[in-house]
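Structure file target_20.txt (compact mmCIF, C-alpha atoms and all ligand atoms) is printed below.
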# COMPACT_ATOMS: atom_id res chain seq x y z
CA MET L 119 -10.78 -34.16 -10.78
CA GLU L 120 -12.94 -31.25 -9.58
CA LYS L 121 -11.28 -29.10 -6.90
CA LYS L 122 -13.16 -28.68 -3.63
CA ILE L 123 -13.97 -25.03 -2.95
CA ALA L 124 -14.13 -24.29 0.75
CA ALA L 125 -14.34 -20.48 0.76
CA ARG L 126 -17.73 -18.69 0.85
CA ARG L 127 -16.51 -15.17 0.08
CA PHE L 128 -19.60 -14.13 -1.91
CA GLU L 129 -22.37 -15.14 0.48
CA GLY L 130 -25.23 -12.61 0.02
CA LYS L 131 -23.53 -11.01 -3.00
CA VAL L 132 -24.85 -10.58 -6.53
CA ALA L 133 -22.51 -11.08 -9.47
CA ILE L 134 -22.98 -10.42 -13.20
CA VAL L 135 -20.61 -12.14 -15.63
CA THR L 136 -20.88 -11.28 -19.32
CA ALA L 137 -20.28 -13.87 -22.05
CA SER L 138 -20.66 -16.59 -19.47
CA THR L 139 -22.47 -19.51 -21.07
CA GLN L 140 -19.23 -21.39 -21.74
CA GLY L 141 -15.46 -21.19 -21.41
CA ILE L 142 -13.80 -18.77 -19.02
CA GLY L 143 -16.96 -16.75 -18.31
CA PHE L 144 -18.88 -19.88 -17.36
CA GLY L 145 -15.98 -20.96 -15.12
CA ILE L 146 -16.01 -17.58 -13.39
CA ALA L 147 -19.79 -17.62 -12.86
CA GLU L 148 -19.61 -21.14 -11.46
CA ARG L 149 -16.76 -20.25 -9.09
CA LEU L 150 -18.48 -17.13 -7.73
CA ALA L 151 -21.69 -19.13 -7.28
CA LEU L 152 -19.92 -22.00 -5.52
CA GLU L 153 -18.61 -19.38 -3.09
CA GLY L 154 -22.16 -18.24 -2.36
CA ALA L 155 -22.95 -15.54 -4.95
CA SER L 156 -26.26 -15.22 -6.76
CA VAL L 157 -24.98 -15.12 -10.32
CA VAL L 158 -26.41 -13.65 -13.50
CA ILE L 159 -25.08 -15.31 -16.62
CA SER L 160 -25.53 -14.07 -20.17
CA SER L 161 -24.53 -14.41 -23.79
CA ARG L 162 -25.97 -13.74 -27.26
CA LYS L 163 -27.96 -16.94 -27.80
CA GLN L 164 -31.03 -17.94 -25.80
CA LYS L 165 -30.26 -21.64 -26.31
CA ASN L 166 -26.78 -21.24 -24.83
CA VAL L 167 -28.17 -19.25 -21.92
CA ASP L 168 -30.81 -21.93 -21.21
CA GLU L 169 -28.30 -24.77 -21.38
CA ALA L 170 -25.81 -23.00 -19.11
CA VAL L 171 -28.56 -22.18 -16.58
CA GLU L 172 -29.57 -25.86 -16.51
CA LYS L 173 -25.95 -26.98 -15.99
CA LEU L 174 -25.52 -24.63 -13.04
CA LYS L 175 -28.92 -25.44 -11.53
CA ALA L 176 -28.01 -29.13 -11.68
CA LYS L 177 -25.15 -28.27 -9.30
CA GLY L 178 -27.56 -26.57 -6.91
CA ILE L 179 -26.48 -23.10 -7.99
CA GLN L 180 -28.75 -20.05 -7.72
CA VAL L 181 -28.65 -18.47 -11.20
CA LEU L 182 -30.48 -16.06 -13.47
CA GLY L 183 -29.87 -16.29 -17.23
CA VAL L 184 -30.43 -13.29 -19.52
CA VAL L 185 -29.69 -12.93 -23.23
CA CYS L 186 -27.21 -10.09 -23.71
CA HIS L 187 -25.11 -9.29 -26.75
CA VAL L 188 -22.78 -6.80 -25.08
CA SER L 189 -22.82 -4.50 -28.12
CA ASP L 190 -26.61 -4.12 -27.96
CA ALA L 191 -27.64 -1.15 -25.81
CA GLN L 192 -31.15 -2.48 -25.09
CA GLN L 193 -29.84 -5.89 -24.10
CA ARG L 194 -27.23 -4.35 -21.80
CA LYS L 195 -29.94 -2.30 -20.07
CA ASN L 196 -32.16 -5.37 -19.85
CA LEU L 197 -29.32 -7.35 -18.22
CA ILE L 198 -28.98 -4.73 -15.50
CA ASN L 199 -32.76 -4.26 -15.09
CA LYS L 200 -33.43 -8.01 -14.79
CA THR L 201 -30.64 -8.32 -12.21
CA ILE L 202 -32.07 -5.47 -10.13
CA GLU L 203 -35.65 -6.82 -10.44
CA LYS L 204 -34.54 -10.20 -9.12
CA TYR L 205 -31.77 -9.36 -6.66
CA GLY L 206 -32.05 -5.60 -5.98
CA LYS L 207 -28.31 -4.81 -6.20
CA ILE L 208 -24.99 -5.61 -7.89
CA ASP L 209 -21.80 -6.42 -5.99
CA VAL L 210 -19.55 -7.85 -8.71
CA ILE L 211 -19.36 -7.27 -12.46
CA VAL L 212 -17.03 -9.35 -14.59
CA SER L 213 -16.70 -7.96 -18.10
CA ASN L 214 -15.55 -10.97 -20.07
CA ALA L 215 -16.95 -10.65 -23.61
CA ALA L 216 -14.55 -10.32 -26.52
CA VAL L 217 -14.44 -11.11 -30.23
CA ASN L 218 -11.74 -11.63 -32.79
CA PRO L 219 -13.55 -12.07 -36.12
CA VAL L 220 -10.45 -11.85 -38.36
CA ASN L 221 -7.02 -13.31 -38.77
CA LYS L 222 -5.41 -10.47 -40.66
CA PRO L 223 -2.76 -7.80 -40.17
CA MET L 224 -4.29 -4.62 -38.79
CA LEU L 225 -3.42 -2.55 -41.85
CA GLN L 226 -5.47 -4.91 -44.00
CA THR L 227 -8.50 -5.05 -41.71
CA GLU L 228 -11.70 -3.31 -42.87
CA GLU L 229 -12.89 -0.33 -40.83
CA SER L 230 -16.18 -2.06 -39.96
CA ILE L 231 -14.24 -4.98 -38.43
CA LEU L 232 -11.90 -2.67 -36.50
CA ASP L 233 -15.02 -0.93 -35.15
CA LYS L 234 -16.64 -4.23 -34.18
CA ILE L 235 -13.57 -5.47 -32.27
CA TRP L 236 -13.22 -2.14 -30.47
CA GLU L 237 -16.92 -1.89 -29.71
CA THR L 238 -17.29 -5.38 -28.27
CA ASN L 239 -13.97 -5.68 -26.46
CA VAL L 240 -13.70 -2.18 -24.96
CA LYS L 241 -16.58 0.24 -25.53
CA ALA L 242 -19.31 -2.19 -24.47
CA SER L 243 -17.53 -2.70 -21.12
CA ILE L 244 -17.65 1.03 -20.44
CA LEU L 245 -21.29 1.35 -21.50
CA LEU L 246 -22.31 -1.63 -19.37
CA LEU L 247 -20.69 0.02 -16.36
CA GLN L 248 -22.51 3.27 -17.11
CA ASP L 249 -25.79 1.36 -16.81
CA ALA L 250 -24.66 -0.65 -13.79
CA SER L 251 -22.92 2.00 -11.73
CA PRO L 252 -26.05 3.46 -10.05
CA HIS L 253 -26.71 -0.02 -8.62
CA LEU L 254 -23.19 -0.86 -7.45
CA GLN L 255 -22.70 -1.16 -3.71
CA LYS L 256 -20.06 0.36 -1.49
CA GLY L 257 -17.43 -2.40 -1.61
CA SER L 258 -18.40 -3.56 -5.10
CA SER L 259 -15.82 -4.89 -7.47
CA VAL L 260 -15.35 -4.73 -11.24
CA ILE L 261 -13.10 -7.15 -13.13
CA PHE L 262 -12.08 -6.93 -16.79
CA ILE L 263 -10.86 -10.01 -18.61
CA SER L 264 -7.92 -8.95 -20.75
CA SER L 265 -5.31 -11.31 -22.20
CA LEU L 266 -1.64 -12.16 -22.21
CA GLY L 267 -1.81 -10.74 -25.76
CA ALA L 268 -2.34 -7.30 -24.19
CA TYR L 269 1.40 -7.15 -23.46
CA LEU L 270 2.57 -8.18 -26.91
CA PRO L 271 -0.24 -8.14 -29.50
CA GLN L 272 0.21 -11.13 -31.81
CA PRO L 273 0.51 -10.69 -35.58
CA ASN L 274 -2.83 -11.49 -37.25
CA MET L 275 -4.61 -10.87 -33.94
CA ALA L 276 -3.12 -7.43 -33.50
CA MET L 277 -6.33 -5.40 -33.24
CA TYR L 278 -7.69 -7.90 -30.71
CA GLY L 279 -4.43 -7.55 -28.76
CA VAL L 280 -4.62 -3.76 -28.85
CA THR L 281 -8.15 -3.82 -27.42
CA LYS L 282 -6.84 -6.06 -24.62
CA THR L 283 -4.01 -3.54 -24.02
CA ALA L 284 -6.70 -0.87 -23.80
CA LEU L 285 -8.37 -2.81 -20.99
CA LEU L 286 -5.19 -2.44 -18.91
CA GLY L 287 -5.53 1.33 -19.28
CA LEU L 288 -9.28 1.20 -18.71
CA THR L 289 -8.63 -0.66 -15.45
CA LYS L 290 -6.35 2.13 -14.22
CA ALA L 291 -8.69 4.90 -15.41
CA LEU L 292 -11.85 3.42 -13.89
CA ALA L 293 -10.08 2.40 -10.68
CA ALA L 294 -9.40 6.13 -10.17
CA GLU L 295 -12.88 7.19 -11.30
CA MET L 296 -14.72 4.66 -9.13
CA ALA L 297 -12.53 4.97 -6.02
CA PRO L 298 -12.70 4.85 -3.06
CA HIS L 299 -15.79 2.66 -2.71
CA ILE L 300 -15.49 0.45 -5.78
CA ARG L 301 -12.39 -1.49 -6.82
CA VAL L 302 -11.55 -2.14 -10.49
CA ASN L 303 -9.08 -4.85 -11.47
CA CYS L 304 -8.20 -7.03 -14.41
CA VAL L 305 -7.17 -10.61 -15.18
CA ALA L 306 -4.98 -11.43 -18.18
CA PRO L 307 -5.32 -15.12 -19.06
CA GLY L 308 -2.74 -17.08 -21.00
CA PHE L 309 -3.71 -19.99 -23.23
CA VAL L 310 -6.88 -21.78 -22.19
CA PRO L 311 -8.36 -24.38 -24.55
CA THR L 312 -11.85 -22.96 -25.12
CA ARG L 313 -13.91 -22.60 -28.30
CA PHE L 314 -12.46 -19.10 -28.71
CA ALA L 315 -8.94 -20.53 -28.62
CA ALA L 316 -9.63 -23.67 -30.64
CA TYR L 317 -6.56 -22.91 -32.77
CA ILE L 318 -4.40 -23.89 -29.76
CA THR L 319 -5.66 -27.44 -29.79
CA ALA L 320 -6.07 -27.74 -33.57
CA ASN L 321 -3.57 -30.60 -33.51
CA GLU L 322 -1.09 -32.23 -31.14
CA ALA L 323 1.95 -30.33 -32.47
CA THR L 324 0.24 -26.95 -32.07
CA ARG L 325 -0.92 -27.81 -28.58
CA LYS L 326 2.62 -28.88 -27.60
CA PHE L 327 3.99 -25.64 -29.06
CA PHE L 328 1.71 -23.57 -26.82
CA GLU L 329 2.37 -25.78 -23.80
CA LYS L 330 6.15 -25.38 -24.24
CA MET L 331 5.79 -21.58 -24.16
CA THR L 332 4.80 -21.80 -20.50
CA LEU L 333 7.12 -22.41 -17.56
CA LEU L 334 4.53 -24.82 -16.15
CA ASN L 335 4.53 -26.74 -19.42
CA ARG L 336 0.76 -26.90 -19.86
CA LEU L 337 -2.30 -24.93 -20.90
CA GLY L 338 -4.47 -23.21 -18.30
CA THR L 339 -8.03 -24.02 -17.31
CA ALA L 340 -11.13 -21.86 -16.97
CA GLU L 341 -11.14 -22.79 -13.27
CA GLU L 342 -7.66 -21.28 -12.83
CA ILE L 343 -8.71 -18.02 -14.47
CA ALA L 344 -11.85 -18.08 -12.31
CA ALA L 345 -9.81 -18.53 -9.12
CA ALA L 346 -7.79 -15.37 -9.80
CA THR L 347 -10.96 -13.47 -10.75
CA ALA L 348 -12.71 -14.57 -7.56
CA PHE L 349 -9.72 -13.46 -5.50
CA LEU L 350 -9.73 -9.97 -7.04
CA ALA L 351 -13.51 -9.69 -6.69
CA SER L 352 -13.42 -10.74 -3.04
CA ASP L 353 -12.58 -8.89 0.16
CA ASP L 354 -9.28 -10.82 0.21
CA ALA L 355 -8.19 -8.23 -2.36
CA SER L 356 -9.64 -5.30 -0.41
CA TYR L 357 -6.45 -3.20 -0.80
CA ILE L 358 -5.95 -3.98 -4.50
CA THR L 359 -7.34 -1.72 -7.21
CA GLY L 360 -6.21 -0.73 -10.70
CA GLU L 361 -4.12 -3.91 -11.04
CA THR L 362 -3.88 -6.78 -13.48
CA ILE L 363 -3.04 -10.35 -12.55
CA ILE L 364 -1.52 -12.43 -15.33
CA VAL L 365 -2.65 -16.06 -15.13
CA ALA L 366 -0.53 -17.64 -17.83
CA GLY L 367 1.61 -20.40 -16.36
CA GLY L 368 4.75 -18.26 -16.50
CA ASN L 369 4.39 -17.39 -20.16
CA PRO L 370 6.66 -14.37 -20.87
CA SER L 371 4.70 -11.18 -20.26
CA ARG L 372 6.06 -8.25 -18.22
CA LEU L 373 8.24 -7.65 -15.19
P1 LIG T 1 -15.42 -19.03 -25.39
O1 LIG T 1 -15.17 -20.28 -24.65
O2 LIG T 1 -15.47 -19.08 -26.87
O3 LIG T 1 -16.77 -18.40 -24.81
C1 LIG T 1 -17.25 -17.24 -25.35
C2 LIG T 1 -18.55 -16.88 -24.62
O4 LIG T 1 -18.88 -15.56 -24.99
C3 LIG T 1 -19.73 -17.75 -25.01
O5 LIG T 1 -20.53 -17.93 -23.85
C4 LIG T 1 -20.47 -16.89 -26.06
O6 LIG T 1 -21.84 -17.30 -26.08
C5 LIG T 1 -20.22 -15.50 -25.49
N1 LIG T 1 -20.18 -14.38 -26.42
C6 LIG T 1 -19.48 -14.25 -27.56
N2 LIG T 1 -19.66 -13.03 -28.10
C7 LIG T 1 -20.48 -12.35 -27.26
C8 LIG T 1 -21.02 -11.05 -27.26
N3 LIG T 1 -20.79 -10.17 -28.25
N4 LIG T 1 -21.83 -10.68 -26.24
C9 LIG T 1 -22.10 -11.54 -25.24
N5 LIG T 1 -21.61 -12.79 -25.19
C10 LIG T 1 -20.80 -13.19 -26.18
O7 LIG T 1 -14.30 -17.90 -25.06
P2 LIG T 1 -13.23 -17.81 -23.87
O8 LIG T 1 -11.94 -18.37 -24.35
O9 LIG T 1 -13.82 -18.29 -22.60
O10 LIG T 1 -13.01 -16.23 -23.80
C11 LIG T 1 -13.53 -15.44 -22.74
C12 LIG T 1 -12.63 -14.23 -22.53
O11 LIG T 1 -11.30 -14.66 -22.21
C13 LIG T 1 -12.49 -13.29 -23.72
O12 LIG T 1 -12.47 -11.97 -23.27
C14 LIG T 1 -11.13 -13.65 -24.30
O13 LIG T 1 -10.55 -12.58 -24.99
C15 LIG T 1 -10.38 -13.96 -23.01
N6 LIG T 1 -9.16 -14.75 -23.20
C16 LIG T 1 -9.25 -16.06 -23.59
C17 LIG T 1 -8.06 -16.78 -23.74
C18 LIG T 1 -8.06 -18.24 -24.11
O14 LIG T 1 -6.96 -18.79 -24.36
N7 LIG T 1 -9.20 -18.89 -24.17
C19 LIG T 1 -6.82 -16.16 -23.52
C20 LIG T 1 -6.79 -14.83 -23.16
C21 LIG T 1 -7.97 -14.12 -22.98
P3 LIG T 1 -22.82 -16.93 -27.32
O15 LIG T 1 -22.24 -17.58 -28.54
O16 LIG T 1 -24.17 -17.49 -26.91
O17 LIG T 1 -22.83 -15.43 -27.39

Give the structure from this file in structure tokens form.
Ligand code: NAP
Amino acid sequence: MEKKIAARRFEGKVAIVTASTQGIGFGIAERLALEGASVVISSRKQKNVDEAVEKLKAKGIQVLGVVCHVSDAQQRKNLINKTIEKYGKIDVIVSNAAVNPVNKPMLQTEESILDKIWETNVKASILLLQDASPHLQKGSSVIFISSLGAYLPQPNMAMYGVTKTALLGLTKALAAEMAPHIRVNCVAPGFVPTRFAAYITANEATRKFFEKMTLLNRLGTAEEIAAATAFLASDDASYITGETIIVAGGNPSRL
């Protein structure tokens, strides 16, 4: 059953969410929009962008869709330019894109793949903010989407995990650099059954295994990750910067 969202914390605000045509990014864009934001969604494929725009418009949501592969400098600039052309400012940026193209130990992973994971999961976030920062408002908010794996990189996904650990550091570093007018925070999701995490639901036994790892005995939803992201992006979190919220159902992480 869909939860009713009463808050309107993003009325008059403009939010960009990267990698937002499905999964967690889509959930975040939808949540910010349902709370009043004008949202800009994006991903690599025009068809996915068009379909996601239609889905949101069908819910009465004000949305702009732009193709943006986060590792493409021109497309990043275009994402910012199109947002400014249409809305004139940026209040919220959620940097959500990540890849994990291999299932190999780090010491056996080719340099080109290590570069790709680093570039998409970390460097592109920094470069996007370089383009966006002149347009950010006093009171703007940046959110990185990390992962539970940031705290204990998993074997065979170790490089991915390390890039997610880097986002925890990036959050601290940019919170200092962008203070006092812009807050920078991070959300670390646990297991959410999306296309990216299809291995979790590959079969019933695997799904149960992942569910049992959580204190709440279930997988998370994109809506639950979106709720934490919306909180951090909103004025309800006005005295929080440089922090990471773990949204993982009590999965072991850190103190
Ligand atoms: P997903 O459902 O597979 O969605 C991925 C989205 O990213 C799609 O819209 C895809 O659209 C877009 N995309 C992929 N590569 C891109 C790129 N280089 N540039 C721009 N867009 C790109 O994935 P998800 O599970 O929601 O993951 C979202 C974030 O949550 C990631 O940062 C991931 O690391 C993190 N996370 C997920 C889980 C989980 O259990 N699902 C757990 C921890 C953290 P196109 O194909 O059109 O590009």

Expected selection as a ChimeraX atom specification for ligand LIG 1 (chain T) within 6 Å, all atoms listed in the file: /L:137-143,161-163,166,186-188,214-217,238,263-266,307-315

Who sits within 12 Å of Leu373 (chain L), only C-alpha atoms, same chain under 4 positions skipped, as a list in words: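 In the requested form, the answer reads Tyr269, Ile363, Ile364, Gly368 and Asn369 of chain L.
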
Counting all atoms listed in the file, the residue of L:Val157, L:Val280, L:Leu197, L:Ala344 that sits nearest Leu182 (chain L):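 Answer, going by the shortest atom-to-atom distance: L:Val157.
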
Selected residue, from L:Ala250, L:Val212, L:Met277, L:Ala155, that lies nearest to Asp233 (chain L) when counting all atoms listed in the file: L:Met277

L:His253, L:Ile244, L:Ala125, L:Ala276 ranked by distance to Gln226 (chain L), top pick (using all atoms listed in the file):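 Closest candidate: L:Ala276.
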
Point-to-point distance in Å for CA of Phe262 (chain L) and CA of Thr362 (chain L):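 Taking CA of Thr362 (chain L) as the start and CA of Phe262 (chain L) as the end point, the length is 8.8 Å.
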
Top pick for closest residue to Ala133 (chain L), considering L:Leu334, L:Ile358, L:Leu254, L:Leu246 and counting all atoms listed in the file: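 Among L:Leu334, L:Ile358, L:Leu254, L:Leu246, it is L:Leu254 that comes nearest to Ala133 (chain L).
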
Fix up region 167-196 of chain L with N, CA and C atoms, then write it as a tab-separated table (two decimals), in the coordinates of the input.
chain	number	residue	atom	x	y	z
L	167	VAL	N	-27.84	-19.74	-23.27
L	167	VAL	CA	-28.17	-19.25	-21.92
L	167	VAL	C	-28.96	-20.34	-21.18
L	168	ASP	N	-29.97	-20.90	-21.85
L	168	ASP	CA	-30.81	-21.93	-21.21
L	168	ASP	C	-29.98	-23.14	-20.79
L	169	GLU	N	-29.10	-23.58	-21.69
L	169	GLU	CA	-28.30	-24.77	-21.38
L	169	GLU	C	-27.36	-24.51	-20.19
L	170	ALA	N	-26.75	-23.32	-20.19
L	170	ALA	CA	-25.81	-23.00	-19.11
L	170	ALA	C	-26.56	-22.89	-17.77
L	171	VAL	N	-27.76	-22.29	-17.81
L	171	VAL	CA	-28.56	-22.18	-16.58
L	171	VAL	C	-28.86	-23.58	-16.04
L	172	GLU	N	-29.25	-24.48	-16.94
L	172	GLU	CA	-29.57	-25.86	-16.51
L	172	GLU	C	-28.36	-26.54	-15.88
L	173	LYS	N	-27.19	-26.36	-16.51
L	173	LYS	CA	-25.95	-26.98	-15.99
L	173	LYS	C	-25.66	-26.49	-14.58
L	174	LEU	N	-25.83	-25.19	-14.37
L	174	LEU	CA	-25.52	-24.63	-13.04
L	174	LEU	C	-26.57	-25.06	-12.02
L	175	LYS	N	-27.84	-25.03	-12.46
L	175	LYS	CA	-28.92	-25.44	-11.53
L	175	LYS	C	-28.73	-26.89	-11.10
L	176	ALA	N	-28.24	-27.72	-12.01
L	176	ALA	CA	-28.01	-29.13	-11.68
L	176	ALA	C	-26.97	-29.27	-10.57
L	177	LYS	N	-26.14	-28.24	-10.39
L	177	LYS	CA	-25.15	-28.27	-9.30
L	177	LYS	C	-25.67	-27.55	-8.07
L	178	GLY	N	-26.95	-27.23	-8.08
L	178	GLY	CA	-27.56	-26.57	-6.91
L	178	GLY	C	-27.26	-25.09	-6.84
L	179	ILE	N	-26.90	-24.51	-7.99
L	179	ILE	CA	-26.48	-23.10	-7.99
L	179	ILE	C	-27.66	-22.18	-8.30
L	180	GLN	N	-27.73	-21.10	-7.56
L	180	GLN	CA	-28.75	-20.05	-7.72
L	180	GLN	C	-28.34	-19.17	-8.90
L	181	VAL	N	-29.11	-19.19	-10.00
L	181	VAL	CA	-28.65	-18.47	-11.20
L	181	VAL	C	-29.81	-17.87	-11.98
L	182	LEU	N	-29.54	-16.69	-12.54
L	182	LEU	CA	-30.48	-16.06	-13.47
L	182	LEU	C	-29.77	-15.98	-14.83
L	183	GLY	N	-30.46	-16.36	-15.89
L	183	GLY	CA	-29.87	-16.29	-17.23
L	183	GLY	C	-30.59	-15.25	-18.06
L	184	VAL	N	-29.84	-14.36	-18.71
L	184	VAL	CA	-30.43	-13.29	-19.52
L	184	VAL	C	-29.65	-13.21	-20.84
L	185	VAL	N	-30.38	-13.11	-21.95
L	185	VAL	CA	-29.69	-12.93	-23.23
L	185	VAL	C	-29.10	-11.52	-23.27
L	186	CYS	N	-27.82	-11.42	-23.57
L	186	CYS	CA	-27.21	-10.09	-23.71
L	186	CYS	C	-26.02	-10.12	-24.64
L	187	HIS	N	-26.22	-9.59	-25.84
L	187	HIS	CA	-25.11	-9.29	-26.75
L	187	HIS	C	-24.54	-7.98	-26.21
L	188	VAL	N	-23.28	-7.98	-25.80
L	188	VAL	CA	-22.78	-6.80	-25.08
L	188	VAL	C	-22.75	-5.53	-25.94
L	189	SER	N	-22.82	-5.70	-27.27
L	189	SER	CA	-22.82	-4.50	-28.12
L	189	SER	C	-24.22	-3.94	-28.35
L	190	ASP	N	-25.23	-4.55	-27.76
L	190	ASP	CA	-26.61	-4.12	-27.96
L	190	ASP	C	-27.07	-3.32	-26.72
L	191	ALA	N	-27.33	-2.04	-26.94
L	191	ALA	CA	-27.64	-1.15	-25.81
L	191	ALA	C	-28.86	-1.61	-25.03
L	192	GLN	N	-29.92	-2.03	-25.77
L	192	GLN	CA	-31.15	-2.48	-25.09
L	192	GLN	C	-30.89	-3.72	-24.25
L	193	GLN	N	-30.12	-4.64	-24.82
L	193	GLN	CA	-29.84	-5.89	-24.10
L	193	GLN	C	-28.95	-5.65	-22.88
L	194	ARG	N	-28.04	-4.69	-22.98
L	194	ARG	CA	-27.23	-4.35	-21.80
L	194	ARG	C	-28.13	-3.80	-20.69
L	195	LYS	N	-29.02	-2.89	-21.07
L	195	LYS	CA	-29.94	-2.30	-20.07
L	195	LYS	C	-30.82	-3.39	-19.46
L	196	ASN	N	-31.29	-4.29	-20.32
L	196	ASN	CA	-32.16	-5.37	-19.85
L	196	ASN	C	-31.42	-6.27	-18.85
